[in-house]
file model30.pdb (PDB, C-alpha atoms)
MODEL        1
ATOM      1  CA  ALA V   1      13.914 -10.845  -5.343  1.00  0.00           C
ATOM      2  CA  SER V   2      17.711 -10.896  -5.523  1.00  0.00           C
ATOM      3  CA  GLN V   3      17.680 -12.687  -8.895  1.00  0.00           C
ATOM      4  CA  PHE V   4      15.241 -10.576 -10.914  1.00  0.00           C
ATOM      5  CA  HIS V   5      14.741  -6.845 -11.386  1.00  0.00           C
ATOM      6  CA  GLU V   6      12.514  -5.041 -13.864  1.00  0.00           C
ATOM      7  CA  ILE V   7      13.348  -1.647 -15.339  1.00  0.00           C
ATOM      8  CA  ARG V   8      10.926   0.365 -17.437  1.00  0.00           C
ATOM      9  CA  LEU V   9      12.482   1.590 -20.656  1.00  0.00           C
ATOM     10  CA  SER V  10      11.191   5.097 -19.920  1.00  0.00           C
ATOM     11  CA  ASP V  11      12.954   5.056 -16.523  1.00  0.00           C
ATOM     12  CA  LEU V  12      16.160   3.795 -18.121  1.00  0.00           C
ATOM     13  CA  GLU V  13      15.973   6.525 -20.759  1.00  0.00           C
ATOM     14  CA  GLN V  14      15.529   9.229 -18.111  1.00  0.00           C
ATOM     15  CA  ASP V  15      18.241   8.049 -15.711  1.00  0.00           C
ATOM     16  CA  MET V  16      20.385   5.243 -17.097  1.00  0.00           C
ATOM     17  CA  VAL V  17      23.116   5.499 -14.476  1.00  0.00           C
ATOM     18  CA  GLY V  18      20.692   5.657 -11.552  1.00  0.00           C
ATOM     19  CA  GLN V  19      18.627   2.743 -12.865  1.00  0.00           C
ATOM     20  CA  ILE V  20      21.699   0.563 -13.449  1.00  0.00           C
ATOM     21  CA  GLY V  21      22.911   1.494  -9.953  1.00  0.00           C
ATOM     22  CA  LEU V  22      19.545   0.418  -8.558  1.00  0.00           C
ATOM     23  CA  LEU V  23      19.793  -2.828 -10.504  1.00  0.00           C
ATOM     24  CA  TYR V  24      23.209  -3.556  -8.969  1.00  0.00           C
ATOM     25  CA  GLU V  25      21.800  -2.794  -5.522  1.00  0.00           C
ATOM     26  CA  ARG V  26      18.615  -4.867  -5.861  1.00  0.00           C
ATOM     27  CA  LEU V  27      20.481  -7.867  -7.297  1.00  0.00           C
ATOM     28  CA  GLY V  28      23.196  -7.634  -4.664  1.00  0.00           C
ATOM     29  CA  LEU V  29      25.921  -7.117  -7.252  1.00  0.00           C
ATOM     30  CA  SER V  30      29.231  -5.555  -6.404  1.00  0.00           C
ATOM     31  CA  GLY V  31      31.402  -3.415  -8.649  1.00  0.00           C
ATOM     32  CA  PHE V  32      29.041  -0.604  -9.624  1.00  0.00           C
ATOM     33  CA  ALA V  33      31.659   1.962  -8.622  1.00  0.00           C
ATOM     34  CA  GLN V  34      33.989   0.488 -11.239  1.00  0.00           C
ATOM     35  CA  VAL V  35      31.469   0.922 -14.080  1.00  0.00           C
ATOM     36  CA  GLU V  36      29.688   4.093 -13.008  1.00  0.00           C
ATOM     37  CA  GLN V  37      32.056   6.533 -14.732  1.00  0.00           C
ATOM     38  CA  LYS V  38      31.983   4.517 -17.963  1.00  0.00           C
ATOM     39  CA  LEU V  39      28.171   4.512 -17.848  1.00  0.00           C
ATOM     40  CA  ARG V  40      28.145   8.272 -17.306  1.00  0.00           C
ATOM     41  CA  ALA V  41      30.537   8.755 -20.242  1.00  0.00           C
ATOM     42  CA  TYR V  42      28.377   6.500 -22.432  1.00  0.00           C
ATOM     43  CA  ALA V  43      25.209   8.360 -21.455  1.00  0.00           C
ATOM     44  CA  GLN V  44      26.861  11.703 -22.180  1.00  0.00           C
ATOM     45  CA  ALA V  45      28.243  10.532 -25.528  1.00  0.00           C
ATOM     46  CA  ASN V  46      24.770   9.368 -26.581  1.00  0.00           C
ATOM     47  CA  SER V  47      22.745  12.217 -25.066  1.00  0.00           C
ATOM     48  CA  ASP V  48      21.683  13.468 -28.499  1.00  0.00           C
ATOM     49  CA  TYR V  49      20.344  10.071 -29.615  1.00  0.00           C
ATOM     50  CA  LYS V  50      16.898  10.232 -31.188  1.00  0.00           C
ATOM     51  CA  LYS V  51      14.570   7.256 -31.375  1.00  0.00           C
ATOM     52  CA  ASN V  52      13.333   6.108 -34.750  1.00  0.00           C
ATOM     53  CA  ALA V  53       9.965   7.534 -35.691  1.00  0.00           C
ATOM     54  CA  HIS V  54       7.250   5.261 -37.036  1.00  0.00           C
ATOM     55  CA  ASP V  55       3.828   5.954 -38.457  1.00  0.00           C
ATOM     56  CA  ASP V  56       0.913   5.135 -36.176  1.00  0.00           C
ATOM     57  CA  LEU V  57      -0.700   1.747 -36.621  1.00  0.00           C
ATOM     58  CA  PRO V  58      -4.080   1.713 -38.330  1.00  0.00           C
ATOM     59  CA  SER V  59      -6.893   1.907 -35.767  1.00  0.00           C
ATOM     60  CA  ASP V  60      -8.119  -1.646 -36.424  1.00  0.00           C
ATOM     61  CA  VAL V  61      -4.632  -3.037 -35.772  1.00  0.00           C
ATOM     62  CA  ARG V  62      -4.289  -0.900 -32.623  1.00  0.00           C
ATOM     63  CA  ARG V  63      -7.593  -2.310 -31.327  1.00  0.00           C
ATOM     64  CA  ARG V  64      -6.481  -5.902 -32.016  1.00  0.00           C
ATOM     65  CA  VAL V  65      -3.143  -5.354 -30.275  1.00  0.00           C
ATOM     66  CA  ALA V  66      -4.820  -3.606 -27.325  1.00  0.00           C
ATOM     67  CA  SER V  67      -7.277  -6.471 -26.962  1.00  0.00           C
ATOM     68  CA  ALA V  68      -4.652  -9.199 -27.220  1.00  0.00           C
ATOM     69  CA  TRP V  69      -2.193  -7.477 -24.876  1.00  0.00           C
ATOM     70  CA  GLN V  70      -4.605  -5.752 -22.467  1.00  0.00           C
ATOM     71  CA  ARG V  71      -3.593  -7.906 -19.490  1.00  0.00           C
ATOM     72  CA  ASN V  72       0.082  -7.042 -19.999  1.00  0.00           C
ATOM     73  CA  PHE V  73      -0.566  -3.350 -20.606  1.00  0.00           C
ATOM     74  CA  THR V  74      -2.601  -3.209 -17.404  1.00  0.00           C
ATOM     75  CA  HIS V  75      -0.008  -5.175 -15.430  1.00  0.00           C
ATOM     76  CA  TRP V  76       2.828  -2.849 -16.438  1.00  0.00           C
ATOM     77  CA  GLY V  77       0.801   0.355 -16.305  1.00  0.00           C
ATOM     78  CA  TYR V  78       0.741   1.179 -20.012  1.00  0.00           C
ATOM     79  CA  PRO V  79      -2.326   2.861 -21.499  1.00  0.00           C
ATOM     80  CA  VAL V  80      -4.591   0.651 -23.577  1.00  0.00           C
ATOM     81  CA  THR V  81      -5.399   2.652 -26.697  1.00  0.00           C
TER
ENDMDL
END
call {"tool": "encode", "arguments": {"input": "model30.pdb", "output": "structure tokens"}}
result
Amino acid sequence: ASQFHEIRLSDLEQDMVGQIGLLYERLGLSGFAQVEQKLRAYAQANSDYKKNAHDDLPSDVRRRVASAWQRNFTHWGYPVT
């Protein structure tokens, strides 16, 4: 448990500083106080970042991906569409 920690991208996007702080805590790392202000500055400087937009996959490709990756989607709580 002290050597591995998962972070959902959506959680990281919503609260980068808090999630990185939690990572430091769960992995038993020291020094978060030294990087916290730099993380906050980075998050603020990039607060207007917009993700790339992509066209939806064709429905047959979506079905193939959903079938092949269903176990992983279920495990990590992503909708299978």
call {"tool": "closest_residue", "arguments": {"input": "model30.pdb", "among": "V:Ser30, V:Ser59, V:Gln14, V:Ser67", "to": "Ser47 of chain V", "atoms": "only C-alpha atoms"}}
result
V:Gln14
call {"tool": "residues_near_point", "arguments": {"input": "model30.pdb", "point": "(-7.5, -0.4, -28.2)", "cutoff": "6 Å", "atoms": "all atoms listed in the file", "output": "PyMOL selection string"}}
result
chain V and resi 62-63+66+80-81
call {"tool": "resolve_selection", "arguments": {"input": "model30.pdb", "expression": "the PyMOL selection byres ((chain V and resi 18-23) around 12)", "output": "CSV table (one decimal) with C-alpha atoms, in the frame of the given file"}}
result
chain,number,residue,atom,x,y,z
V,1,ALA,CA,13.9,-10.8,-5.3
V,2,SER,CA,17.7,-10.9,-5.5
V,3,GLN,CA,17.7,-12.7,-8.9
V,4,PHE,CA,15.2,-10.6,-10.9
V,5,HIS,CA,14.7,-6.8,-11.4
V,6,GLU,CA,12.5,-5.0,-13.9
V,7,ILE,CA,13.3,-1.6,-15.3
V,8,ARG,CA,10.9,0.4,-17.4
V,9,LEU,CA,12.5,1.6,-20.7
V,10,SER,CA,11.2,5.1,-19.9
V,11,ASP,CA,13.0,5.1,-16.5
V,12,LEU,CA,16.2,3.8,-18.1
V,13,GLU,CA,16.0,6.5,-20.8
V,14,GLN,CA,15.5,9.2,-18.1
V,15,ASP,CA,18.2,8.0,-15.7
V,16,MET,CA,20.4,5.2,-17.1
V,17,VAL,CA,23.1,5.5,-14.5
V,24,TYR,CA,23.2,-3.6,-9.0
V,25,GLU,CA,21.8,-2.8,-5.5
V,26,ARG,CA,18.6,-4.9,-5.9
V,27,LEU,CA,20.5,-7.9,-7.3
V,28,GLY,CA,23.2,-7.6,-4.7
V,29,LEU,CA,25.9,-7.1,-7.3
V,30,SER,CA,29.2,-5.6,-6.4
V,31,GLY,CA,31.4,-3.4,-8.6
V,32,PHE,CA,29.0,-0.6,-9.6
V,33,ALA,CA,31.7,2.0,-8.6
V,34,GLN,CA,34.0,0.5,-11.2
V,35,VAL,CA,31.5,0.9,-14.1
V,36,GLU,CA,29.7,4.1,-13.0
V,37,GLN,CA,32.1,6.5,-14.7
V,38,LYS,CA,32.0,4.5,-18.0
V,39,LEU,CA,28.2,4.5,-17.8
V,40,ARG,CA,28.1,8.3,-17.3
V,43,ALA,CA,25.2,8.4,-21.5
call {"tool": "atom_distance", "arguments": {"input": "model30.pdb", "atom1": "atom CA of Pro79 of chain V", "atom2": "atom CA of Arg64 of chain V"}}
result
14.3 Å
call {"tool": "axis_aligned_box", "arguments": {"input": "model30.pdb", "around": "segment 43-59 of chain V", "padding_each_side": "8 Å", "output": "AutoDock Vina command-line options"}}
result
--center_x 10.7 --center_y 7.6 --center_z -30.0 --size_x 51.1 --size_y 27.8 --size_z 33.0
call {"tool": "atom_distance", "arguments": {"input": "model30.pdb", "atom1": "atom CA of Trp69 of chain V", "atom2": "atom CA of Asp56 of chain V"}}
result
17.2 Å
call {"tool": "decode", "arguments": {"input": "model30.pdb", "residues": "segment 18-32 of chain V", "atoms": "all heavy atoms", "output": "compact mmCIF listing (two decimals), in the first residue's frame"}}
result
# COMPACT_ATOMS: atom_id res chain seq x y z
N GLY V 18 -4.68 18.82 -4.15
CA GLY V 18 -5.18 17.89 -3.14
C GLY V 18 -4.83 16.45 -3.46
O GLY V 18 -4.45 15.68 -2.57
N GLN V 19 -4.94 16.06 -4.73
CA GLN V 19 -4.64 14.69 -5.12
C GLN V 19 -3.15 14.38 -5.00
O GLN V 19 -2.76 13.30 -4.57
CB GLN V 19 -5.11 14.41 -6.55
CG GLN V 19 -6.61 14.34 -6.68
CD GLN V 19 -7.19 13.18 -5.87
OE1 GLN V 19 -6.69 12.07 -5.91
NE2 GLN V 19 -8.27 13.47 -5.15
N ILE V 20 -2.30 15.34 -5.34
CA ILE V 20 -0.85 15.13 -5.19
C ILE V 20 -0.50 15.08 -3.70
O ILE V 20 0.33 14.28 -3.27
CB ILE V 20 -0.04 16.21 -5.92
CG1 ILE V 20 -0.32 16.18 -7.43
CG2 ILE V 20 1.46 16.06 -5.65
CD1 ILE V 20 0.07 14.90 -8.14
N GLY V 21 -1.16 15.91 -2.90
CA GLY V 21 -0.96 15.86 -1.45
C GLY V 21 -1.34 14.50 -0.88
O GLY V 21 -0.63 13.93 -0.05
N LEU V 22 -2.46 13.96 -1.36
CA LEU V 22 -2.90 12.63 -0.93
C LEU V 22 -1.90 11.56 -1.36
O LEU V 22 -1.59 10.64 -0.61
CB LEU V 22 -4.28 12.34 -1.51
CG LEU V 22 -4.96 11.05 -1.08
CD1 LEU V 22 -5.14 11.00 0.44
CD2 LEU V 22 -6.29 10.91 -1.80
N LEU V 23 -1.37 11.71 -2.56
CA LEU V 23 -0.36 10.78 -3.04
C LEU V 23 0.87 10.78 -2.12
O LEU V 23 1.35 9.72 -1.71
CB LEU V 23 0.06 11.14 -4.47
CG LEU V 23 1.19 10.33 -5.05
CD1 LEU V 23 0.77 9.72 -6.37
CD2 LEU V 23 2.40 11.20 -5.24
N TYR V 24 1.36 11.96 -1.78
CA TYR V 24 2.49 12.07 -0.85
C TYR V 24 2.17 11.37 0.46
O TYR V 24 2.99 10.62 1.00
CB TYR V 24 2.82 13.54 -0.57
CG TYR V 24 3.85 14.14 -1.50
CD1 TYR V 24 3.56 14.43 -2.83
CD2 TYR V 24 5.12 14.47 -1.03
CE1 TYR V 24 4.50 14.99 -3.68
CE2 TYR V 24 6.06 15.04 -1.86
CZ TYR V 24 5.75 15.30 -3.19
OH TYR V 24 6.69 15.85 -4.02
N GLU V 25 0.97 11.62 0.97
CA GLU V 25 0.56 11.03 2.25
C GLU V 25 0.49 9.50 2.16
O GLU V 25 1.05 8.80 3.00
CB GLU V 25 -0.80 11.60 2.64
CG GLU V 25 -1.35 11.04 3.94
CD GLU V 25 -2.75 11.57 4.21
OE1 GLU V 25 -2.99 12.78 3.99
OE2 GLU V 25 -3.60 10.77 4.64
N ARG V 26 -0.20 8.99 1.16
CA ARG V 26 -0.40 7.54 1.04
C ARG V 26 0.91 6.79 0.79
O ARG V 26 1.05 5.65 1.19
CB ARG V 26 -1.38 7.24 -0.09
CG ARG V 26 -2.77 7.77 0.17
CD ARG V 26 -3.65 6.73 0.85
NE ARG V 26 -4.89 7.25 1.32
CZ ARG V 26 -6.01 7.33 0.60
NH1 ARG V 26 -6.03 6.92 -0.65
NH2 ARG V 26 -7.10 7.82 1.15
N LEU V 27 1.85 7.44 0.08
CA LEU V 27 3.13 6.78 -0.19
C LEU V 27 4.17 7.06 0.88
O LEU V 27 5.30 6.58 0.80
CB LEU V 27 3.66 7.20 -1.57
CG LEU V 27 2.81 6.80 -2.77
CD1 LEU V 27 3.46 7.25 -4.07
CD2 LEU V 27 2.54 5.30 -2.79
N GLY V 28 3.78 7.84 1.89
CA GLY V 28 4.69 8.12 2.98
C GLY V 28 5.86 9.00 2.56
O GLY V 28 6.97 8.88 3.11
N LEU V 29 5.61 9.89 1.61
CA LEU V 29 6.66 10.77 1.12
C LEU V 29 6.69 12.06 1.93
O LEU V 29 5.65 12.58 2.32
CB LEU V 29 6.42 11.12 -0.36
CG LEU V 29 6.36 9.95 -1.33
CD1 LEU V 29 5.95 10.43 -2.71
CD2 LEU V 29 7.70 9.23 -1.38
N SER V 30 7.86 12.57 2.12
CA SER V 30 7.99 13.85 2.80
C SER V 30 8.23 14.94 1.76
O SER V 30 8.50 14.64 0.60
CB SER V 30 9.16 13.82 3.79
OG SER V 30 10.36 13.56 3.10
N GLY V 31 8.10 16.18 2.16
CA GLY V 31 8.44 17.29 1.28
C GLY V 31 7.30 17.92 0.52
O GLY V 31 7.53 18.80 -0.31
N PHE V 32 6.05 17.50 0.79
CA PHE V 32 4.94 18.10 0.05
C PHE V 32 4.86 19.60 0.30
O PHE V 32 4.56 20.36 -0.62
CB PHE V 32 3.62 17.43 0.40
CG PHE V 32 2.45 18.02 -0.35
CD1 PHE V 32 2.32 17.83 -1.71
CD2 PHE V 32 1.50 18.80 0.30
CE1 PHE V 32 1.27 18.38 -2.41
CE2 PHE V 32 0.44 19.35 -0.39
CZ PHE V 32 0.32 19.14 -1.75
